[in-house]
Amino acid sequence: MAGVKARTGPSTANWVRRIVFGAVLVLVVVIAGTAFRVWQVARDNDRTPADAIVVLGAAQYNGKPSEIFTARLEKARQLYAGGVAKTIVTAGGKKAADNFTEAQAGARWLTKHGVPEAATLPVGEGNDTLRSLRAVADQVKAHGWRSVVLVSDPWHSYRARTMAQDLGLDAWAAPTHSGPVVQERSTQARYIFRETGALLFYELTKSPADDLFGTSMS
């Protein structure tokens, strides 16, 4: 009909805007969903019996665990006393100048606080979560075990559990709910943000992200 313009589809610019908007929306959903899972697993306290309790290492000072590490070790001691497992595996290597590995420092602390030495298994390899868990998985499987309950900070637990499961372990989490990293909401929010980025990086690359995101086990 004369004088009536024919309808045209969306312009190229409109299609580009729609694609960009869709991509941003998907990214936001993925990040938000991951952050929610980090928060959700942080609230776990799974005391299901396992073959071993695994304590992720943290800073130690000439054999003395840091406050963060001590909180993890105390949680593992409680789980052991509650009959969750008969063995506590302590994980973590050392820096070049250190006299003790994190694993050794953790095992020493446990024996000083009532856990029989025979019930501890220090695995002093790895300076990040993934490498430490690889060494732990090797030892766990060598002993004929398969199931582990992981003890770490709340916000670190989902990433550690994901890695342990990827390494072929039946793993669940019993995080600490005391210590410096859970005392203030601002601290909690910062750790959730960091762990969300570290977990997404791991899922994409299957590589450790502790140094990249400042999420070392200390």
# chains A, B, ... in the order shown; residues from 1 in each chain; ligands from 1
call {"tool": "select_by_dssp", "arguments": {"residues": "range 7-198 of chain A", "states": "strand (DSSP E or B)", "output": "JSON, numbers by chain"}}
result
{"A": [52, 53, 54, 55, 60, 61, 64, 65, 88, 89, 90, 91, 120, 121, 122, 123, 147, 148, 149, 150, 151, 170, 171, 172, 173]}
call {"tool": "residues_around", "arguments": {"residues": "range 140-151 of chain A", "least_positions_apart": "4", "cutoff": "9 Å", "atoms": "only C-alpha atoms", "output": "ChimeraX atom specification"}}
result
/A:46-56,72-73,75-76,84-85,89,135-136,157,160-161,164,168-176
call {"tool": "residues_around", "arguments": {"residues": "Pro154 in chain A", "least_positions_apart": "2", "cutoff": "8 Å", "atoms": "only C-alpha atoms", "output": "list in words"}}
result
Trp39, Val41, Ala42, Arg43, Ser152, His156, Ser157, Pro175, Thr176, His177 and Val182 of chain A
call {"tool": "select_by_dssp", "arguments": {"residues": "range 28-192 of chain A", "states": "alpha helix (DSSP H)", "output": "PyMOL selection string"}}
result
chain A and resi 28-42+67-81+102-112+129-142+157-166+185-192
call {"tool": "closest_residue", "arguments": {"among": "A:Arg159, A:Asp98, A:Asn45, A:Thr90", "to": "Gln139 in chain A", "atoms": "only C-alpha atoms"}}
result
A:Thr90
call {"tool": "residues_around", "arguments": {"residues": "Pro65 in chain A", "least_positions_apart": "5", "cutoff": "9 Å", "atoms": "only C-alpha atoms", "output": "ChimeraX atom specification"}}
result
/A:58-60,70,73,102,105-106,109
call {"tool": "closest_atom_pairs", "arguments": {"of": "range 90-130 of chain A", "to": "range 202-208 of chain A", "cutoff": "12 Å", "atoms": "only C-alpha atoms", "output": "tab-separated table"}}
result
residue	atom	partner	partner_atom	distance
A:Gly126	CA	A:Pro208	CA	11.0
A:Asn127	CA	A:Pro208	CA	10.1
A:Asp128	CA	A:Pro208	CA	6.9
A:Thr129	CA	A:Pro208	CA	7.0
A:Leu130	CA	A:Pro208	CA	5.7
call {"tool": "closest_residue", "arguments": {"among": "A:Ser132, A:Thr12, A:Gln78, A:Asn62", "to": "Ala91 in chain A", "atoms": "only C-alpha atoms"}}
result
A:Ser132
call {"tool": "closest_residue", "arguments": {"among": "A:Glu67, A:Thr120, A:Glu74, A:Ala107", "to": "Ile88 in chain A", "atoms": "only C-alpha atoms"}}
result
A:Thr120
call {"tool": "residues_around", "arguments": {"residues": "Gly197 in chain A", "least_positions_apart": "4", "cutoff": "9 Å", "atoms": "only C-alpha atoms", "output": "ChimeraX atom specification"}}
result
/A:31,34-35,192-193,201-202,209,213
call {"tool": "write_last_selection", "arguments": {"atoms": "N, CA, C and O atoms", "output": "PDB file, in the first residue's frame"}}
result
ATOM      1  N   ILE A  31      27.811 -16.347  38.250  1.00  0.00           N
ATOM      2  CA  ILE A  31      28.555 -15.836  39.408  1.00  0.00           C
ATOM      3  C   ILE A  31      27.690 -15.878  40.660  1.00  0.00           C
ATOM      4  O   ILE A  31      28.126 -16.328  41.724  1.00  0.00           O
ATOM      5  N   THR A  34      27.194 -19.482  41.820  1.00  0.00           N
ATOM      6  CA  THR A  34      28.400 -20.017  42.449  1.00  0.00           C
ATOM      7  C   THR A  34      28.592 -19.432  43.840  1.00  0.00           C
ATOM      8  O   THR A  34      28.918 -20.158  44.789  1.00  0.00           O
ATOM      9  N   ALA A  35      28.386 -18.136  43.975  1.00  0.00           N
ATOM     10  CA  ALA A  35      28.511 -17.495  45.289  1.00  0.00           C
ATOM     11  C   ALA A  35      27.518 -18.084  46.278  1.00  0.00           C
ATOM     12  O   ALA A  35      27.837 -18.301  47.457  1.00  0.00           O
ATOM     13  N   ILE A 192      33.914 -14.879  50.523  1.00  0.00           N
ATOM     14  CA  ILE A 192      32.959 -15.440  49.564  1.00  0.00           C
ATOM     15  C   ILE A 192      33.265 -14.943  48.161  1.00  0.00           C
ATOM     16  O   ILE A 192      33.257 -15.711  47.192  1.00  0.00           O
ATOM     17  N   PHE A 193      33.569 -13.657  48.024  1.00  0.00           N
ATOM     18  CA  PHE A 193      33.908 -13.079  46.724  1.00  0.00           C
ATOM     19  C   PHE A 193      35.150 -13.744  46.146  1.00  0.00           C
ATOM     20  O   PHE A 193      35.180 -14.147  44.970  1.00  0.00           O
ATOM     21  N   PHE A 201      37.513 -20.049  38.305  1.00  0.00           N
ATOM     22  CA  PHE A 201      38.790 -20.212  37.614  1.00  0.00           C
ATOM     23  C   PHE A 201      39.168 -21.691  37.555  1.00  0.00           C
ATOM     24  O   PHE A 201      39.597 -22.206  36.505  1.00  0.00           O
ATOM     25  N   TYR A 202      39.003 -22.392  38.674  1.00  0.00           N
ATOM     26  CA  TYR A 202      39.329 -23.823  38.703  1.00  0.00           C
ATOM     27  C   TYR A 202      38.430 -24.607  37.753  1.00  0.00           C
ATOM     28  O   TYR A 202      38.895 -25.481  37.012  1.00  0.00           O
ATOM     29  N   ALA A 209      44.058 -21.723  41.923  1.00  0.00           N
ATOM     30  CA  ALA A 209      43.913 -20.267  41.799  1.00  0.00           C
ATOM     31  C   ALA A 209      44.252 -19.571  43.100  1.00  0.00           C
ATOM     32  O   ALA A 209      43.942 -18.398  43.276  1.00  0.00           O
ATOM     33  N   PHE A 213      43.991 -15.407  43.305  1.00  0.00           N
ATOM     34  CA  PHE A 213      42.882 -14.749  43.995  1.00  0.00           C
ATOM     35  C   PHE A 213      43.176 -14.468  45.467  1.00  0.00           C
ATOM     36  O   PHE A 213      42.300 -14.066  46.215  1.00  0.00           O
TER      37      PHE A 213
END
call {"tool": "closest_residue", "arguments": {"among": "A:Arg131, A:Glu125, A:Asp138, A:Ala13", "to": "Phe100 in chain A", "atoms": "only C-alpha atoms"}}
result
A:Glu125
call {"tool": "closest_residue", "arguments": {"among": "A:Ile19, A:Val24, A:Ala118, A:Leu200", "to": "Lys86 in chain A", "atoms": "only C-alpha atoms"}}
result
A:Ala118
